[in-house]
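Source file: run_5.cif. Holds: mmCIF, C-alpha atoms and all ligand atoms.
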data_final
loop_
_atom_site.label_atom_id
_atom_site.label_comp_id
_atom_site.auth_asym_id
_atom_site.auth_seq_id
_atom_site.Cartn_x
_atom_site.Cartn_y
_atom_site.Cartn_z
CA MET A 173 -31.98 77.12 72.11
CA ASN A 174 -30.28 78.67 75.14
CA PRO A 175 -31.86 76.81 78.10
CA LYS A 176 -31.46 79.78 80.44
CA ALA A 177 -33.31 82.12 78.09
CA ASP A 178 -35.99 79.45 77.73
CA ASN A 179 -36.47 79.22 81.49
CA ARG A 180 -36.84 82.96 81.79
CA GLN A 181 -39.49 82.97 79.12
CA GLN A 182 -41.49 80.24 80.89
CA ILE A 183 -41.43 82.11 84.17
CA THR A 184 -42.78 85.32 82.63
CA LYS A 185 -45.51 83.65 80.53
CA THR A 186 -49.00 83.43 81.93
CA TYR A 187 -51.25 80.58 80.90
CA SER A 188 -54.99 81.05 81.09
CA TYR A 189 -57.42 78.30 80.14
CA GLY A 190 -58.11 79.84 76.74
CA ARG A 191 -57.10 82.72 74.52
CA GLN A 192 -57.52 83.99 70.99
CA SER A 193 -55.11 83.52 68.06
CA ILE A 194 -54.97 86.62 65.88
CA ASP A 195 -52.51 87.00 63.01
CA ASN A 196 -51.67 89.70 60.46
CA ASP A 197 -54.28 88.43 57.97
CA ASP A 198 -56.97 88.88 60.60
CA ILE A 199 -55.79 92.40 61.38
CA GLN A 200 -55.56 93.26 57.69
CA SER A 201 -59.11 92.10 56.99
CA VAL A 202 -60.49 94.23 59.83
CA VAL A 203 -58.49 97.29 58.69
CA GLU A 204 -59.88 96.87 55.17
CA ILE A 205 -63.45 97.08 56.45
CA LEU A 206 -62.62 99.98 58.79
CA ARG A 207 -61.55 101.87 55.65
CA SER A 208 -64.69 100.90 53.73
CA ASP A 209 -68.13 102.54 53.61
CA TRP A 210 -69.83 100.06 55.92
CA LEU A 211 -68.87 99.67 59.55
CA THR A 212 -72.20 98.06 60.37
CA GLN A 213 -75.30 96.78 58.49
CA GLY A 214 -73.15 96.33 55.40
CA PRO A 215 -72.35 93.40 53.10
CA THR A 216 -69.68 91.76 55.28
CA VAL A 217 -72.33 90.52 57.73
CA SER A 218 -74.05 88.40 55.10
CA LYS A 219 -70.66 87.24 53.75
CA PHE A 220 -69.82 85.93 57.20
CA GLU A 221 -73.24 84.29 57.45
CA GLU A 222 -72.65 82.61 54.10
CA ALA A 223 -69.26 81.32 55.29
CA LEU A 224 -70.96 79.85 58.37
CA ASN A 225 -73.64 78.16 56.26
CA ILE A 226 -71.05 76.65 53.94
CA LYS A 227 -68.89 75.33 56.77
CA PHE A 228 -71.64 74.03 59.04
CA GLY A 229 -74.14 72.94 56.38
CA SER A 230 -77.04 75.06 57.60
CA LYS A 231 -79.50 76.76 55.22
CA TYR A 232 -79.70 80.01 57.23
CA ALA A 233 -77.36 81.90 59.53
CA SER A 234 -77.86 85.11 61.52
CA ALA A 235 -74.75 86.73 62.95
CA VAL A 236 -75.52 88.57 66.19
CA ALA A 237 -73.86 90.65 68.91
CA THR A 238 -73.09 87.78 71.33
CA GLY A 239 -73.85 84.11 71.87
CA THR A 240 -76.19 85.18 74.66
CA ALA A 241 -78.13 87.42 72.25
CA GLY A 242 -78.38 84.42 69.90
CA LEU A 243 -79.92 82.29 72.66
CA HIS A 244 -82.38 85.06 73.53
CA LEU A 245 -83.44 85.32 69.88
CA ILE A 246 -83.79 81.53 69.63
CA ALA A 247 -86.04 81.55 72.72
CA LEU A 248 -88.28 84.25 71.22
CA GLY A 249 -88.09 82.86 67.69
CA LEU A 250 -89.21 79.44 68.92
CA GLY A 251 -92.09 81.10 70.77
CA TRP A 252 -91.15 80.20 74.36
CA LYS A 253 -93.65 81.69 76.80
CA LYS A 254 -94.81 81.68 80.40
CA ASP A 255 -95.40 78.14 81.74
CA ASP A 256 -93.27 76.56 79.00
CA ILE A 257 -90.69 74.20 80.46
CA ILE A 258 -87.17 74.38 79.03
CA ILE A 259 -84.66 71.72 79.99
CA THR A 260 -80.88 71.94 79.87
CA SER A 261 -77.86 70.52 81.64
CA PRO A 262 -76.56 72.07 84.87
CA ILE A 263 -73.01 71.91 83.52
CA THR A 264 -73.14 74.85 81.18
CA PHE A 265 -72.70 78.59 81.09
CA LEU A 266 -75.47 80.67 82.67
CA ALA A 267 -76.68 81.92 79.29
CA SER A 268 -77.93 78.45 78.22
CA VAL A 269 -80.47 78.63 81.05
CA ASN A 270 -81.02 82.39 81.31
CA CYS A 271 -82.51 82.42 77.81
CA ALA A 272 -85.51 80.49 79.16
CA VAL A 273 -85.97 83.12 81.89
CA TYR A 274 -85.69 85.99 79.36
CA ALA A 275 -88.69 84.50 77.54
CA GLY A 276 -90.65 84.11 80.78
CA ALA A 277 -90.44 80.31 80.55
CA THR A 278 -89.53 77.90 83.37
CA PRO A 279 -86.09 76.31 83.39
CA ASP A 280 -85.43 72.76 84.54
CA PHE A 281 -82.37 70.51 84.39
CA VAL A 282 -81.36 66.96 83.64
CA ASP A 283 -78.12 65.57 85.04
CA ILE A 284 -75.05 64.85 82.90
CA ASN A 285 -73.68 61.54 81.74
CA PRO A 286 -70.71 60.89 84.08
CA ASP A 287 -68.44 59.91 81.18
CA THR A 288 -69.22 62.54 78.55
CA TYR A 289 -70.37 65.42 80.81
CA THR A 290 -73.23 66.14 78.37
CA ILE A 291 -76.96 65.77 79.06
CA ASN A 292 -77.88 62.17 79.88
CA PRO A 293 -80.63 60.99 77.48
CA ASN A 294 -81.77 58.25 79.89
CA GLU A 295 -82.28 60.81 82.64
CA LEU A 296 -84.00 63.10 80.14
CA GLU A 297 -86.43 60.33 79.20
CA ARG A 298 -87.15 59.72 82.88
CA LYS A 299 -87.91 63.41 83.35
CA LEU A 300 -90.07 63.58 80.21
CA ASN A 301 -92.11 60.65 81.49
CA LEU A 302 -92.51 62.34 84.88
CA TYR A 303 -93.82 65.50 83.23
CA ALA A 304 -96.05 63.46 80.90
CA ALA A 305 -97.57 61.73 83.95
CA GLN A 306 -98.57 65.21 85.21
CA ASN A 307 -100.00 66.07 81.77
CA LYS A 308 -97.20 68.59 81.25
CA LYS A 309 -95.23 68.90 78.07
CA ILE A 310 -91.70 70.13 77.69
CA LYS A 311 -91.35 72.94 75.18
CA ALA A 312 -87.64 72.63 74.42
CA VAL A 313 -84.37 70.96 75.32
CA VAL A 314 -81.19 73.03 75.10
CA ALA A 315 -78.46 70.42 74.71
CA VAL A 316 -74.92 71.71 75.19
CA ASP A 317 -72.03 70.12 73.30
CA TYR A 318 -69.98 70.71 76.42
CA ALA A 319 -66.23 71.30 76.04
CA GLY A 320 -66.50 70.40 72.34
CA GLN A 321 -67.94 66.90 72.66
CA PRO A 322 -71.23 66.42 70.76
CA CYS A 323 -74.13 65.14 72.85
CA ASP A 324 -75.80 61.82 72.05
CA TRP A 325 -77.80 63.48 69.28
CA SER A 326 -79.36 60.27 67.92
CA ALA A 327 -80.83 59.53 71.34
CA LEU A 328 -82.02 63.15 71.71
CA LYS A 329 -83.65 63.03 68.27
CA THR A 330 -85.45 59.78 69.15
CA LEU A 331 -86.80 61.43 72.32
CA GLN A 332 -87.82 64.49 70.31
CA GLU A 333 -89.80 62.28 67.94
CA LYS A 334 -91.49 60.52 70.86
CA PHE A 335 -92.24 63.56 73.05
CA GLY A 336 -92.40 66.40 70.50
CA PHE A 337 -90.18 69.12 72.01
CA GLN A 338 -87.96 71.64 70.21
CA LEU A 339 -84.24 70.85 70.17
CA VAL A 340 -81.62 73.57 70.49
CA ASN A 341 -77.91 72.92 70.25
CA ASP A 342 -75.86 75.28 72.38
CA TYR A 343 -72.89 74.61 70.13
CA CYS A 344 -70.65 77.39 71.47
CA HIS A 345 -67.92 74.88 72.44
CA ALA A 346 -68.08 72.54 69.49
CA LEU A 347 -67.13 74.30 66.26
CA GLY A 348 -65.19 71.74 64.23
CA ALA A 349 -66.42 68.71 66.20
CA GLU A 350 -67.75 65.68 64.34
CA TYR A 351 -70.67 63.43 65.18
CA LYS A 352 -70.83 60.15 63.26
CA ASN A 353 -68.11 61.48 60.92
CA ASP A 354 -70.15 64.55 60.13
CA LEU A 355 -68.85 68.05 60.85
CA GLN A 356 -72.22 69.45 59.78
CA TYR A 357 -74.28 67.50 62.31
CA ALA A 358 -75.47 70.45 64.41
CA ALA A 359 -78.16 71.94 62.16
CA LYS A 360 -79.26 68.44 61.07
CA TYR A 361 -80.26 67.37 64.58
CA ALA A 362 -81.29 70.65 66.21
CA ASP A 363 -84.01 73.12 65.21
CA ALA A 364 -81.66 75.98 66.12
CA VAL A 365 -77.93 76.07 66.77
CA ASN A 366 -76.18 78.73 68.80
CA LEU A 367 -72.55 79.86 68.36
CA SER A 368 -70.33 82.26 70.32
CA PHE A 369 -67.23 84.05 69.06
CA HIS A 370 -65.94 85.24 72.42
CA PRO A 371 -62.09 85.30 72.42
CA VAL A 372 -61.72 82.00 74.29
CA LYS A 373 -63.80 80.16 71.69
CA HIS A 374 -62.47 78.39 68.57
CA ILE A 375 -62.80 81.49 66.43
CA THR A 376 -63.39 85.03 67.59
CA THR A 377 -64.97 88.31 66.54
CA GLY A 378 -64.25 89.97 69.91
CA GLU A 379 -67.81 89.61 71.09
CA GLY A 380 -70.19 87.91 68.71
CA GLY A 381 -72.45 85.00 68.01
CA ALA A 382 -74.63 83.36 65.39
CA VAL A 383 -77.77 81.29 65.05
CA LEU A 384 -77.91 78.54 62.45
CA THR A 385 -81.10 76.83 61.33
CA ASN A 386 -82.72 75.06 58.40
CA ASN A 387 -86.06 76.65 59.25
CA GLU A 388 -86.76 79.65 57.02
CA SER A 389 -89.49 81.21 59.16
CA LEU A 390 -87.39 80.93 62.33
CA ASP A 391 -84.50 82.60 60.54
CA LYS A 392 -86.73 85.44 59.34
CA LYS A 393 -88.01 86.00 62.84
CA ILE A 394 -84.51 86.05 64.31
CA LYS A 395 -83.27 88.51 61.67
CA THR A 396 -86.20 90.83 62.40
CA LEU A 397 -85.85 90.63 66.18
CA ARG A 398 -82.09 91.28 66.09
CA SER A 399 -82.86 94.73 64.66
CA HIS A 400 -85.69 96.15 66.81
CA GLY A 401 -88.40 94.06 65.16
CA MET A 402 -88.24 96.34 62.11
CA THR A 403 -89.40 94.86 58.84
CA LYS A 404 -89.60 95.97 55.23
CA ASP A 405 -90.98 92.61 54.12
CA LYS A 406 -93.66 93.61 51.58
CA SER A 407 -95.61 90.44 52.20
CA ILE A 408 -96.47 91.58 55.74
CA LEU A 409 -96.45 95.41 55.58
CA GLU A 410 -99.87 96.88 56.40
CA LYS A 411 -99.20 99.69 53.94
CA ASN A 412 -96.21 101.12 52.10
CA ASP A 413 -95.54 104.87 52.22
CA GLY A 414 -92.32 104.68 50.19
CA PRO A 415 -88.76 103.34 50.08
CA TRP A 416 -88.00 104.56 53.62
CA TYR A 417 -90.98 102.77 55.07
CA TYR A 418 -90.73 100.04 57.72
CA GLU A 419 -93.07 98.58 60.30
CA MET A 420 -92.67 96.98 63.68
CA HIS A 421 -95.02 94.08 64.40
CA GLU A 422 -93.25 92.85 67.52
CA VAL A 423 -90.69 94.32 69.83
CA GLY A 424 -87.06 93.46 69.11
CA PHE A 425 -83.57 94.54 70.14
CA ASN A 426 -80.37 95.90 68.74
CA TYR A 427 -78.44 92.61 68.72
CA ARG A 428 -76.52 93.40 65.54
CA ILE A 429 -72.86 92.61 64.99
CA THR A 430 -70.60 95.02 63.07
CA ASP A 431 -69.08 94.52 59.64
CA PHE A 432 -65.53 94.77 60.95
CA GLN A 433 -66.24 92.03 63.49
CA CYS A 434 -67.62 89.89 60.67
CA ALA A 435 -64.45 90.58 58.63
CA LEU A 436 -62.49 89.13 61.55
CA GLY A 437 -64.92 86.21 61.66
CA ILE A 438 -64.45 85.42 57.98
CA SER A 439 -60.67 85.52 58.35
CA GLN A 440 -60.79 83.34 61.49
CA MET A 441 -63.10 80.80 59.80
CA GLN A 442 -60.37 80.07 57.27
CA LYS A 443 -58.22 78.86 60.15
CA LEU A 444 -60.84 76.89 62.05
CA GLU A 445 -59.59 73.51 60.85
CA ALA A 446 -55.98 74.32 61.78
CA PHE A 447 -57.11 75.64 65.18
CA VAL A 448 -59.10 72.48 65.92
CA ASP A 449 -56.21 70.25 64.74
CA LYS A 450 -53.87 72.04 67.12
CA ARG A 451 -56.35 71.70 69.99
CA ARG A 452 -56.58 67.96 69.30
CA LYS A 453 -52.78 67.66 69.38
CA ILE A 454 -52.68 69.47 72.72
CA ALA A 455 -55.43 67.18 74.04
CA LYS A 456 -53.43 64.15 72.91
CA TYR A 457 -50.39 65.44 74.80
CA TYR A 458 -52.47 65.89 77.97
CA ASP A 459 -54.22 62.51 77.48
CA ASP A 460 -50.81 60.79 77.32
CA PHE A 461 -49.50 62.75 80.29
CA PHE A 462 -52.47 62.43 82.64
CA GLY A 463 -54.08 59.24 81.31
CA LYS A 464 -52.22 56.91 83.68
CA ASN A 465 -52.47 59.05 86.80
CA LYS A 466 -54.92 57.33 89.17
CA ASN A 467 -55.86 60.63 90.81
CA ILE A 468 -56.86 62.33 87.57
CA ILE A 469 -59.62 61.59 85.07
CA ALA A 470 -58.83 62.85 81.57
CA PRO A 471 -61.81 63.59 79.29
CA HIS A 472 -63.35 60.52 77.75
CA VAL A 473 -64.32 60.75 74.07
CA SER A 474 -67.37 58.83 72.83
CA LYS A 475 -66.85 56.31 70.04
CA ASN A 476 -68.82 58.09 67.34
CA VAL A 477 -67.42 61.54 68.09
CA LYS A 478 -64.47 63.76 67.15
CA HIS A 479 -63.99 66.18 70.03
CA ALA A 480 -63.27 69.86 69.24
CA TYR A 481 -61.68 70.63 72.65
CA HIS A 482 -62.85 74.14 73.37
CA LEU A 483 -61.99 73.02 76.91
CA TYR A 484 -59.79 70.32 78.36
CA PRO A 485 -61.75 69.48 81.54
CA LEU A 486 -59.62 67.42 83.93
CA GLN A 487 -61.26 65.83 86.93
CA ILE A 488 -58.94 65.65 89.90
CA LYS A 489 -59.96 63.48 92.83
CA PHE A 490 -59.48 66.25 95.39
CA ASP A 491 -61.94 64.43 97.65
CA ASP A 492 -59.91 61.17 97.71
CA LEU A 493 -56.64 63.07 97.98
CA LYS A 494 -57.97 65.29 100.79
CA ILE A 495 -56.67 68.37 98.97
CA ALA A 496 -58.52 71.68 98.98
CA LYS A 497 -59.22 72.70 95.39
CA LYS A 498 -58.68 76.34 96.40
CA ASN A 499 -55.11 75.61 97.53
CA PHE A 500 -54.40 73.74 94.33
CA PHE A 501 -55.61 76.74 92.30
CA ALA A 502 -53.51 79.11 94.41
CA TYR A 503 -50.39 77.00 93.80
CA LEU A 504 -50.99 77.02 90.05
CA LYS A 505 -51.55 80.76 90.10
CA GLN A 506 -48.17 81.30 91.72
CA LYS A 507 -46.74 79.38 88.78
CA ASN A 508 -48.63 81.57 86.30
CA ILE A 509 -51.21 78.94 85.39
CA ILE A 510 -54.69 80.39 85.71
CA GLY A 511 -57.12 77.49 85.73
CA GLN A 512 -60.87 77.92 85.51
CA VAL A 513 -63.84 75.77 86.45
CA HIS A 514 -66.51 74.94 83.88
CA TYR A 515 -68.99 75.10 85.45
CA ILE A 516 -70.58 75.87 88.79
CA PRO A 517 -73.80 73.84 88.31
CA VAL A 518 -76.35 76.42 87.24
CA HIS A 519 -79.14 75.08 89.48
CA LEU A 520 -76.99 76.00 92.51
CA GLN A 521 -76.85 79.68 91.60
CA PRO A 522 -78.76 81.75 94.17
CA PHE A 523 -81.11 83.06 91.46
CA TYR A 524 -82.16 79.55 90.43
CA ARG A 525 -82.34 78.25 94.01
CA ARG A 526 -84.44 81.18 95.21
CA ASN A 527 -86.76 81.51 92.26
CA TYR A 528 -87.24 77.89 91.20
CA GLY A 529 -86.49 75.93 94.37
CA PHE A 530 -83.47 73.95 93.17
CA MET A 531 -81.10 72.72 95.86
CA ALA A 532 -77.85 70.92 96.47
CA GLY A 533 -78.25 67.23 95.77
CA ASP A 534 -80.73 67.71 92.90
CA PHE A 535 -78.18 66.76 90.23
CA PRO A 536 -75.48 64.78 92.04
CA ILE A 537 -73.34 63.86 89.03
CA ALA A 538 -73.03 67.48 87.95
CA GLU A 539 -72.27 68.52 91.53
CA LYS A 540 -69.53 65.88 91.92
CA PHE A 541 -68.11 66.93 88.56
CA TYR A 542 -67.97 70.54 89.74
CA GLU A 543 -66.00 69.53 92.84
CA ARG A 544 -63.39 67.80 90.72
CA GLU A 545 -63.21 69.80 87.50
CA ILE A 546 -60.48 72.17 86.39
CA SER A 547 -60.13 73.47 82.83
CA ILE A 548 -56.44 73.58 82.01
CA PRO A 549 -54.89 75.74 79.26
CA ILE A 550 -55.79 74.75 75.73
CA TYR A 551 -55.40 77.15 72.80
CA PRO A 552 -53.55 76.99 69.50
CA SER A 553 -50.45 79.00 70.39
CA LEU A 554 -49.36 76.56 73.14
CA GLU A 555 -46.19 74.71 72.22
CA GLU A 556 -44.73 71.48 73.55
CA GLU A 557 -42.52 73.24 76.10
CA ASP A 558 -45.60 75.06 77.44
CA LEU A 559 -47.54 71.80 77.70
CA ASN A 560 -44.65 70.14 79.46
CA TYR A 561 -44.44 72.99 81.96
CA ILE A 562 -48.22 73.05 82.55
CA SER A 563 -48.57 69.27 82.95
CA LYS A 564 -45.60 68.90 85.28
CA THR A 565 -46.71 71.87 87.38
CA ILE A 566 -50.20 70.35 87.81
CA VAL A 567 -48.74 67.09 89.13
CA GLU A 568 -46.28 69.05 91.29
CA ALA A 569 -49.18 71.09 92.68
CA LEU A 570 -51.00 67.92 93.70
CA GLU A 571 -47.89 66.51 95.35
CA SER A 572 -47.14 69.74 97.18
CA ALA A 573 -50.70 70.02 98.48
CA LEU A 574 -50.66 66.45 99.89
C1 LIG B 1 -72.17 77.07 76.41
C2 LIG B 1 -72.24 78.55 76.23
N1 LIG B 1 -73.41 79.10 75.87
C3 LIG B 1 -73.53 80.43 75.68
C4 LIG B 1 -72.47 81.28 75.86
C5 LIG B 1 -72.67 82.76 75.70
O1 LIG B 1 -71.87 83.28 74.69
P1 LIG B 1 -71.40 84.83 74.72
O2 LIG B 1 -70.32 84.94 75.74
O3 LIG B 1 -70.89 85.06 73.33
O4 LIG B 1 -72.58 85.66 75.04
C6 LIG B 1 -71.23 80.76 76.22
C7 LIG B 1 -70.07 81.65 76.42
O5 LIG B 1 -69.22 81.45 77.24
C8 LIG B 1 -71.11 79.36 76.41
O6 LIG B 1 -69.95 78.80 76.78
#

Please express what this file holds, its structure, as structure tokens.
Amino acid sequence: MNPKADNRQQITKTYSYGRQSIDNDDIQSVVEILRSDWLTQGPTVSKFEEALNIKFGSKYASAVATGTAGLHLIALGLGWKKDDIIITSPITFLASVNCAVYAGATPDFVDINPDTYTINPNELERKLNLYAAQNKKIKAVVAVDYAGQPCDWSALKTLQEKFGFQLVNDYCHALGAEYKNDLQYAAKYADAVNLSFHPVKHITTGEGGAVLTNNESLDKKIKTLRSHGMTKDKSILEKNDGPWYYEMHEVGFNYRITDFQCALGISQMQKLEAFVDKRRKIAKYYDDFFGKNKNIIAPHVSKNVKHAYHLYPLQIKFDDLKIAKKNFFAYLKQKNIIGQVHYIPVHLQPFYRRNYGFMAGDFPIAEKFYEREISIPIYPSLEEEDLNYISKTIVEALESAL
């Protein structure tokens, strides 16, 4: 390879923290459906749902418009209501918490484990006991397999058995992860599992999401609510005027996904394993590169887990180094590396502070993590020369900011 040409290419490339991988097969499968009779509400939706069930071992799947829509439907399907308390981790995307608010329930948080960045079951137990002492019960826990690392699901299940709450897995980051050597763990531990197919995720449908469950009545409810609450289910119709007839027993939404998006989903699913393999190779490269740097904490992987690396969250000790994170980001941007931060702790958002009284200091581990975290580029099309450039530039940025 001509080294000069290679340099030029690196300078003009921009690296964001995540991006989609679309090939000709994907495009072809979408085109095929665009030429077919069904753009939406056709057979490709249930084919995609079947592919999800087969891969993730769930009995039922509902493909929906977005991951956020999926969470909303889970909240309604599980019957969350006013005065119900829903607990999640502050280190997640807004939607994991907003779904409680959509249902009129009350959100609360439990801090993360400092090593895994997922909800800390010991802290959760402490909180459950506090609520129990006030004669209050928690309705549900939304546990987020943050970055692609499964939570401590055995511990969560034990707490569920003891305290009797519903368990939701916000699994948007973890497609392809394994827990105790099981890729199909999600629907085994959680009552409902939520997926997103946004372009930065492991597989994409543009926008899109899905809910997996082994609970038939929850699945039925979600399928009805995703399409306005309309039903033709003969077992519940009050009457039947003819083949056109439907009834609405509760108010729903249009949260449907299209057939051509599902065609893309089916095609992408065939590549999930290869995508996750590539992400693991990239993570290994970064682990080796950053692992020995005393100013950087590379993600730790729990013993019984295979990480799926939706994100590669580095913690940089900006505080010890006396470097402003903003300046570090600006330096990287100049070098065409667009980092991101996952996440601003949700309890610190003005909405949650103003409406629920959360404040700085409530969840110190999450807050410290936020100060230090940067998600660096990880997606299947990155090659070794890209990783070399990204890693060296990150270290250079730290040195230049000193
Ligand atoms: C953890 C988590 N939950 C929910 C969502 C919402 O998914 P969507 O963007 O498909 O609505 C996301 C998307 O970023 C996410 O990362």

Env of A:Ser201: 12 Å cut, atoms = only C-alpha atoms, seq-sep filter 4 positions within chain, self excluded. Answer as an NGL selection string.
:A and (194-197 or 205-208 or 216 or 377 or 431-440)

Nearby residues, ligand LIG 1 (chain B), 10 Å, all atoms listed in the file, as a PyMOL selection string:
chain A and resi 236-244+263-271+314-320+341-346+366-373+376-382+482-483+514-515

List the spatial neighbours of stretch 324-340 of chain A as a list in words - criterion: any atom at most 6 Å away, all atoms listed in the file, same-chain residues fewer than 5 positions off excluded.
Ile310, Lys311, Ala312, Val313, Val314, Ala362, Asp363, Ala364 and Val365 of chain A

What lies within 10 Å of stretch 389-395 of chain A using all atoms listed in the file, ignoring chain neighbours under 6 positions off, as a PyMOL selection string?
chain A and resi 231-236+242+244-251+363-364+383+401-403+405+422+424+427-428

Record the distance separating atom CA of A:Lys352 and atom CA of A:Lys456, expressed in Å with one decimal.
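Straight-line distance from atom CA of A:Lys352 to atom CA of A:Lys456 works out to 20.3 Å.
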
So which residues fall inside 9 Å of (-66.4, 60.5, 70.9) if we count only C-alpha atoms? Mind giving them as a CSV table (one decimal) with C-alpha atoms, in the coordinates of the input?
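Contents of point.csv, as written:
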chain,number,residue,atom,x,y,z
A,288,THR,CA,-69.2,62.5,78.6
A,321,GLN,CA,-67.9,66.9,72.7
A,322,PRO,CA,-71.2,66.4,70.8
A,350,GLU,CA,-67.8,65.7,64.3
A,351,TYR,CA,-70.7,63.4,65.2
A,352,LYS,CA,-70.8,60.2,63.3
A,472,HIS,CA,-63.4,60.5,77.8
A,473,VAL,CA,-64.3,60.8,74.1
A,474,SER,CA,-67.4,58.8,72.8
A,475,LYS,CA,-66.8,56.3,70.0
A,476,ASN,CA,-68.8,58.1,67.3
A,477,VAL,CA,-67.4,61.5,68.1
A,478,LYS,CA,-64.5,63.8,67.2
A,479,HIS,CA,-64.0,66.2,70.0

Find the spatial neighbours of A:Glu555, counting only C-alpha atoms, within a cut-off of 12 Å - ignore same-chain residues fewer than 5 positions away - and output them as a list in words.
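The residues satisfying every condition are Gln182, Tyr187, Lys450, Arg451, Lys453, Ile454, Tyr457, Pro549, Ile550, Asn560, Tyr561 and Ile562 of chain A.
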
Counting all atoms listed in the file, the option among A:Ile284, A:Leu486, A:Ile226, A:Leu302 closest to A:Val513
A:Leu486

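Each of A:Lys507, A:Ala496, A:Lys219, A:Asp283 was checked against A:Gly533 using only C-alpha atoms; the smallest atom-to-atom distance is that of A:Asp283.
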
Out of A:Asn426, A:Ser572, A:Ser547, A:Gln200, which residue has the shortest atom-to-atom distance to A:Ile488 when counting all atoms listed in the file?
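Ranking A:Asn426, A:Ser572, A:Ser547, A:Gln200 by distance to A:Ile488, first place goes to A:Ser547.
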
Given the choices A:Trp210, A:Ala502, A:Pro517, A:Gln512, which gets closest to A:Ile537 if the distance is worked out from only C-alpha atoms?
A:Pro517

Go ahead and compute the interatomic distance for atom CA of A:Asp255 and atom CA of A:Thr278, in Å to one decimal.
6.1 Å

Compile the contact shell of A:Lys497 as a list in words: residues with an atom at most 8 Å away, counting only C-alpha atoms, same-chain residues fewer than 3 positions apart removed.
Phe490, Phe500, Phe501, Glu543 and Arg544 of chain A

Atomic separation - atom CA of A:Pro471 relative to atom CA of A:Gly229, Å:
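Those two atoms sit 27.6 Å apart.
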
Give the answer as one residue: which of A:Ile469, A:Thr565, A:Ile516, A:Leu570 has the shortest atom-to-atom distance to A:Leu493, using all atoms listed in the file?
A:Leu570

Which one of A:Tyr418, A:Phe425, A:Tyr551, A:Tyr303 sits closest to A:Tyr481 if you count all atoms listed in the file?
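That would be A:Tyr551, the residue with the smallest distance to A:Tyr481.
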
Centre and edge lengths, as AutoDock Vina command-line options, for the axis-aligned box enclosing every listed atom of stretch 517-535 of chain A with 5 Å of padding on each of the six sides, in Å to one decimal?
--center_x -80.5 --center_y 74.9 --center_z 91.9 --size_x 23.4 --size_y 26.3 --size_z 19.2
